[in-house]
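Have a look at protein.txt; it's compact mmCIF, C-alpha atoms and all ligand atoms:
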```
# COMPACT_ATOMS: atom_id res chain seq x y z
CA MET J 163 12.34 12.51 75.00
CA VAL J 164 9.00 11.77 73.33
CA THR J 165 5.70 13.06 74.72
CA THR J 166 1.98 12.92 73.99
CA LYS J 167 1.36 16.02 76.13
CA ARG J 168 -0.39 19.08 74.66
CA LEU J 169 1.51 22.34 74.40
CA SER J 170 0.51 25.07 76.86
CA LYS J 171 -1.79 27.88 75.68
CA ILE J 172 0.98 30.41 76.36
CA THR J 173 3.44 28.52 74.10
CA ILE J 174 0.85 28.34 71.30
CA VAL J 175 -0.35 31.96 71.53
CA LEU J 176 3.22 33.35 71.73
CA HIS J 177 4.36 31.12 68.84
CA TRP J 178 1.66 32.20 66.38
CA PHE J 179 1.54 35.85 67.44
CA ILE J 180 5.33 36.23 67.08
CA ALA J 181 5.48 34.05 63.94
CA PHE J 182 2.95 36.16 62.00
CA SER J 183 4.35 39.44 63.37
CA ILE J 184 7.88 38.49 62.26
CA ILE J 185 6.72 37.37 58.81
CA GLY J 186 4.70 40.63 58.49
CA LEU J 187 7.67 42.80 59.55
CA LEU J 188 10.03 40.95 57.18
CA ALA J 189 7.61 41.57 54.31
CA LEU J 190 6.98 45.23 55.26
CA GLY J 191 10.74 45.85 55.79
CA TRP J 192 11.60 44.37 52.42
CA TYR J 193 8.73 46.16 50.62
CA MET J 194 9.29 49.63 52.09
CA THR J 195 13.08 49.46 51.56
CA ASN J 196 12.97 48.21 47.97
CA PHE J 197 10.25 50.64 46.86
CA GLU J 198 11.60 53.53 49.01
CA LEU J 199 8.24 53.97 50.75
CA TYR J 200 9.45 56.15 53.63
CA GLN J 201 5.91 56.73 54.94
CA TYR J 202 5.97 53.11 56.22
CA TYR J 203 9.25 53.42 58.16
CA GLN J 204 7.61 54.76 61.38
CA ILE J 205 4.97 52.00 61.31
CA HIS J 206 7.67 49.35 60.78
CA LYS J 207 9.80 50.73 63.62
CA SER J 208 6.84 51.13 66.02
CA LEU J 209 5.59 47.57 65.44
CA GLY J 210 9.16 46.22 65.76
CA VAL J 211 9.70 48.00 69.08
CA ILE J 212 6.32 46.76 70.45
CA LEU J 213 7.21 43.21 69.40
CA VAL J 214 10.35 43.29 71.59
CA ALA J 215 8.15 42.91 74.71
CA PHE J 216 6.52 39.71 73.37
CA VAL J 217 9.83 38.30 72.13
CA LEU J 218 11.34 38.79 75.60
CA ILE J 219 8.33 37.18 77.33
CA ARG J 220 8.80 34.21 75.00
CA VAL J 221 12.52 33.93 75.82
CA VAL J 222 11.74 33.99 79.57
CA TRP J 223 9.00 31.37 79.01
CA ARG J 224 11.46 29.09 77.13
CA ILE J 225 14.11 29.52 79.85
CA LYS J 226 11.52 28.61 82.52
CA LYS J 227 9.85 25.72 80.67
CA GLY J 228 12.61 24.47 78.32
CA TRP J 229 11.93 23.41 74.71
CA PRO J 230 8.82 21.32 74.00
CA GLU J 231 9.57 17.59 74.05
CA HIS J 232 9.43 15.81 70.68
CA ALA J 233 6.08 14.47 69.52
CA SER J 234 7.65 11.34 68.04
CA ASN J 235 10.95 9.39 67.76
CA TYR J 236 13.10 11.10 65.14
CA PRO J 237 16.51 10.16 63.75
CA LYS J 238 19.38 12.00 65.48
CA HIS J 239 20.16 14.26 62.49
CA GLU J 240 16.54 15.50 62.40
CA VAL J 241 16.55 16.29 66.10
CA VAL J 242 19.81 18.24 65.69
CA LEU J 243 18.52 20.13 62.63
CA ALA J 244 15.20 21.01 64.31
CA SER J 245 16.90 22.18 67.52
CA ALA J 246 19.47 24.25 65.60
CA THR J 247 16.66 25.88 63.58
CA HIS J 248 14.67 26.68 66.76
CA TRP J 249 17.78 28.28 68.29
CA VAL J 250 18.46 30.34 65.15
CA LEU J 251 14.80 31.45 65.05
CA ILE J 252 14.61 32.51 68.67
CA VAL J 253 18.03 34.24 68.74
CA SER J 254 17.45 36.11 65.47
CA THR J 255 14.02 37.34 66.62
CA VAL J 256 15.81 38.90 69.61
CA LEU J 257 18.65 40.35 67.50
CA MET J 258 16.49 41.71 64.65
CA PRO J 259 14.84 44.59 66.58
CA ILE J 260 18.13 45.34 68.42
CA PHE J 261 19.93 45.79 65.06
CA GLY J 262 17.02 47.92 63.78
CA MET J 263 17.22 50.17 66.85
CA LEU J 264 21.03 50.45 66.52
CA TYR J 265 20.61 51.53 62.92
CA SER J 266 17.79 54.02 63.54
CA GLY J 267 19.41 55.39 66.71
CA GLY J 268 22.93 55.61 65.23
CA SER J 269 21.77 57.16 61.95
CA GLY J 270 20.12 60.02 63.90
CA HIS J 271 16.57 59.14 62.75
CA GLY J 272 15.59 57.85 66.20
CA PHE J 273 12.64 55.59 66.96
CA GLY J 274 9.56 55.34 69.15
CA ILE J 275 6.06 53.89 69.25
CA PHE J 276 3.55 55.73 67.07
CA GLY J 277 4.69 59.25 67.98
CA LEU J 278 5.84 58.39 71.51
CA GLU J 279 9.57 59.12 71.28
CA ILE J 280 11.91 56.53 72.84
CA PHE J 281 15.19 57.48 71.16
CA PRO J 282 15.00 61.03 69.75
CA SER J 283 16.04 61.99 66.23
CA ASN J 284 19.11 64.21 65.89
CA HIS J 285 18.71 67.30 63.71
CA SER J 286 21.26 69.85 62.49
CA LEU J 287 21.03 73.16 64.41
CA GLU J 288 21.60 75.18 61.20
CA ASP J 289 19.02 73.29 59.16
CA PRO J 290 16.51 71.29 61.28
CA SER J 291 15.30 69.39 58.20
CA VAL J 292 18.73 67.66 58.03
CA VAL J 293 19.22 64.52 60.13
CA VAL J 294 22.76 64.18 61.56
CA PRO J 295 24.10 60.66 62.35
CA LEU J 296 25.11 60.12 65.98
CA SER J 297 27.51 57.29 65.15
CA GLU J 298 28.46 56.23 61.62
CA PHE J 299 29.90 53.00 63.03
CA TRP J 300 26.75 51.84 64.89
CA SER J 301 24.52 53.07 62.09
CA ASP J 302 26.44 51.06 59.43
CA PHE J 303 26.79 48.03 61.69
CA GLY J 304 23.07 48.07 62.60
CA HIS J 305 22.07 48.55 58.96
CA ILE J 306 24.13 45.65 57.58
CA ALA J 307 23.31 43.35 60.52
CA HIS J 308 19.56 44.14 60.21
CA GLU J 309 19.61 43.28 56.51
CA TYR J 310 21.68 40.06 56.77
CA ASN J 311 19.91 38.83 59.90
CA GLY J 312 16.72 39.24 57.85
CA TYR J 313 18.08 36.79 55.24
CA ILE J 314 19.09 34.35 58.00
CA LEU J 315 15.56 34.58 59.46
CA MET J 316 13.91 34.02 56.07
CA ALA J 317 16.05 30.92 55.40
CA ALA J 318 15.42 29.52 58.91
CA ILE J 319 11.66 30.12 58.62
CA ALA J 320 11.57 28.35 55.23
CA LEU J 321 13.42 25.32 56.68
CA HIS J 322 11.22 25.36 59.79
CA VAL J 323 7.97 25.40 57.79
CA VAL J 324 9.20 22.59 55.49
CA GLY J 325 10.06 20.58 58.65
CA ALA J 326 6.64 21.23 60.21
CA PHE J 327 4.83 20.02 57.07
CA LYS J 328 7.18 17.02 56.72
CA HIS J 329 6.15 15.91 60.22
CA HIS J 330 2.50 16.46 59.41
CA ILE J 331 2.29 14.97 55.91
CA ILE J 332 5.06 12.34 55.76
CA ASP J 333 5.58 11.29 59.43
CA LYS J 334 1.88 11.90 60.21
CA ASP J 335 2.70 12.84 63.81
CA THR J 336 1.23 15.49 66.13
CA THR J 337 4.05 18.08 65.84
CA LEU J 338 1.98 20.58 63.83
CA SER J 339 -1.47 19.75 65.18
CA ARG J 340 -0.44 20.25 68.81
CA MET J 341 1.05 23.66 67.88
CA LEU J 342 -2.40 24.38 66.43
CA GLY J 343 -3.87 23.58 69.87
CA LYS J 344 -5.26 20.16 68.93
C1 LIG J 401 11.61 41.68 64.56
C2 LIG J 401 11.40 42.83 64.07
C3 LIG J 401 11.87 43.31 62.73
C4 LIG J 401 11.97 42.67 61.53
C5 LIG J 401 11.61 41.21 61.22
C6 LIG J 401 12.49 43.62 60.56
C7 LIG J 401 12.75 43.35 59.23
C8 LIG J 401 13.26 44.24 58.31
C9 LIG J 401 13.64 43.94 56.94
C10 LIG J 401 13.55 42.56 56.28
C11 LIG J 401 14.07 45.08 56.35
C12 LIG J 401 14.62 45.26 54.91
C13 LIG J 401 16.13 45.20 55.00
C14 LIG J 401 16.85 45.66 53.76
O1 LIG J 401 16.53 45.16 52.68
O2 LIG J 401 17.76 46.53 53.90
C15 LIG J 401 13.98 46.14 57.34
C16 LIG J 401 14.32 47.45 57.12
C17 LIG J 401 14.36 48.40 58.12
N1 LIG J 401 14.07 48.21 59.45
FE1 LIG J 401 13.38 46.54 60.33
N2 LIG J 401 12.69 44.82 61.18
C18 LIG J 401 12.34 44.67 62.52
C19 LIG J 401 12.41 45.63 63.50
C20 LIG J 401 12.89 46.92 63.33
C21 LIG J 401 13.04 47.91 64.39
C22 LIG J 401 12.68 47.67 65.85
C23 LIG J 401 13.55 49.01 63.81
C24 LIG J 401 13.93 50.34 64.43
C25 LIG J 401 13.48 50.79 65.56
C26 LIG J 401 13.71 48.75 62.38
C27 LIG J 401 14.16 49.66 61.45
C28 LIG J 401 14.29 49.42 60.10
C29 LIG J 401 14.69 50.44 59.14
C30 LIG J 401 15.01 51.90 59.43
C31 LIG J 401 14.73 49.80 57.90
C32 LIG J 401 15.08 50.43 56.52
C33 LIG J 401 16.49 50.07 56.12
C34 LIG J 401 16.89 50.74 54.80
O3 LIG J 401 16.35 51.79 54.47
O4 LIG J 401 17.79 50.18 54.14
N3 LIG J 401 13.29 47.45 62.13
N4 LIG J 401 13.49 45.60 58.52
C1 LIG J 402 3.97 30.18 59.62
C2 LIG J 402 4.59 29.06 59.57
C3 LIG J 402 5.02 28.28 60.79
C4 LIG J 402 4.66 27.00 61.10
C5 LIG J 402 3.74 26.09 60.29
C6 LIG J 402 5.33 26.65 62.34
C7 LIG J 402 5.20 25.44 62.99
C8 LIG J 402 5.81 25.11 64.17
C9 LIG J 402 5.63 23.85 64.86
C10 LIG J 402 4.73 22.71 64.38
C11 LIG J 402 6.40 23.88 65.98
C12 LIG J 402 6.55 22.75 67.05
C13 LIG J 402 7.86 22.04 66.82
C14 LIG J 402 8.11 20.95 67.84
O1 LIG J 402 7.19 20.52 68.51
O2 LIG J 402 9.28 20.52 67.94
C15 LIG J 402 7.06 25.15 66.02
C16 LIG J 402 7.94 25.56 67.00
C17 LIG J 402 8.66 26.72 66.98
N1 LIG J 402 8.55 27.72 66.04
FE1 LIG J 402 7.32 27.73 64.42
N2 LIG J 402 6.10 27.72 62.75
C18 LIG J 402 5.95 28.73 61.84
C19 LIG J 402 6.56 29.96 61.89
C20 LIG J 402 7.52 30.33 62.81
C21 LIG J 402 8.25 31.58 62.81
C22 LIG J 402 8.05 32.70 61.78
C23 LIG J 402 9.09 31.56 63.89
C24 LIG J 402 10.07 32.60 64.36
C25 LIG J 402 10.22 33.73 63.92
C26 LIG J 402 8.93 30.29 64.57
C27 LIG J 402 9.64 29.89 65.69
C28 LIG J 402 9.45 28.71 66.36
C29 LIG J 402 10.18 28.32 67.57
C30 LIG J 402 11.27 29.16 68.25
C31 LIG J 402 9.66 27.08 67.96
C32 LIG J 402 10.08 26.25 69.20
C33 LIG J 402 8.94 26.21 70.20
C34 LIG J 402 8.55 27.56 70.71
O3 LIG J 402 9.41 28.32 71.18
O4 LIG J 402 7.36 27.92 70.58
N3 LIG J 402 7.95 29.57 63.90
N4 LIG J 402 6.69 25.88 64.90
```

How does this structure look as structure tokens?
Ligand code: HEM
Ligand code: HEM
Amino acid sequence: MVTTKRLSKITIVLHWFIAFSIIGLLALGWYMTNFELYQYYQIHKSLGVILVAFVLIRVVWRIKKGWPEHASNYPKHEVVLASATHWVLIVSTVLMPIFGMLYSGGSGHGFGIFGLEIFPSNHSLEDPSVVVPLSEFWSDFGHIAHEYNGYILMAAIALHVVGAFKHHIIDKDTTLSRMLGK
């Protein structure tokens, strides 16, 4: 269905807040892991856990309101590609923090929000400076899934942004401008 309606303020605010938070966390995650900057791990985990609340509000909002109707008449393959990308984006933003928490919880490092412990770290009784994994299976699964889901997210975001600019520059429709609140 095609519509000339504006998008609601809630859709717009949630979209941009989550979009920039996800891009920021992808960049921080990649940077801190590749350069072994362990001092950033707690910040990354805290921001990721806080983001869960907003991601869940967005999922509830989408379930209540459905997906935005298309701004223009697109060929079938474009509609399918755009919908598939939106599904991948929304599902992977839910899965990403879950995998991160599985990894941090399972590895015994725990996680929380800026010092407020949610899942405690697990230390050896003989030597408290040593962290003992709670579950090698969930730690390894969470670790691999967190990394590969990150690649899926990056690819989906790239496709999504190319699509948004294609609508704006080539189709000259209101897809991007209405997401900017115009
Ligand atoms: C939507 C939110 C999140 C995004 C987009 C995100 C993204 C990333 C990315 C791209 C990496 C680098 C992966 C790699 O190269 O191995 C990473 C690493 C990491 N993330 Fe997240 N993350 C999120 C939430 C979380 C949460 C909630 C936790 C835990 C509570 C977490 C814990 C970690 C840890 C411990 C690492 C380091 C992995 C390593 O040392 O190999 N992340 N994250
Ligand atoms: C920063 C670059 C981005 C631009 C320019 C952009 C642009 C847009 C536009 C124009 C729409 C409306 C599409 C339509 O009407 O059919 C949209 C929707 C959407 N975008 Fe983005 N987006 C960006 C980043 C992201 C990121 C990083 C995510 C997810 C992590 C994301 C997830 C979504 C989802 C799930 C929708 C469907 C509608 C909704 O739930 O709000 N976007 N985006």

- Task: Just the residues within 12 Å of Val323 in chain J, please, counting all atoms listed in the file, with nothing from its chain fewer than 5 positions along; format it as an NGL selection string.
- Result: :J and (181 or 244 or 247-248 or 251 or 316-318 or 328-330 or 337-338)

- Query: Hey, what's within 9 Å of Ser183 in chain J if we count all atoms listed in the file and toss same-chain stuff fewer than 3 positions away? As a count of residues only, please?
  - Reply: 9

- Message: Show me which residues are within 8 Å of ligand LIG 402 (chain J) counting only C-alpha atoms and all ligand atoms, and format the list as a count of residues only.
- Response: 41

- Query: Looking at J:Phe197, J:Trp223, J:Trp300, J:Phe216, which one is nearest to Ser170 in chain J, with distances taken over all atoms listed in the file?
  - Reply: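 Going through J:Phe197, J:Trp223, J:Trp300, J:Phe216 one by one, the smallest distance to Ser170 in chain J is for J:Trp223.
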
- How would you write, as a ChimeraX atom specification, the set of residues no farther than 9 Å from ligand LIG 401 (chain J) when counting all atoms listed in the file? /J:180,183-196,198,200,203-204,206-214,217,254-267,269,271-275,281,305-306,308-313,315-316

- Of the candidates J:Phe299, J:Ile172, J:Lys227, J:Gly268, which shows the shortest atom-to-atom distance to Gly343 in chain J, using all atoms listed in the file? J:Ile172

- Query: Mind pulling up the distance from CA of Leu296 in chain J to CA of Asn284 in chain J?
  - Reply: 7.3 Å

- Item | Interatomic distance, CA of His285 in chain J to CA of Gly270 in chain J (Å, one decimal) |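 Interatomic distance, CA of His285 in chain J to CA of Gly270 in chain J: 7.4 Å.
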
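One finds CA of Ser283 in chain J at 13.0 Å from CA of Ser301 in chain J.
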
- Query: Between J:Pro290, J:Gly277, J:Gly325, J:Gly228, which is the closest to Leu169 in chain J once you count only C-alpha atoms?
  - Reply: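 Closest residue, counting only C-alpha atoms: J:Gly228.
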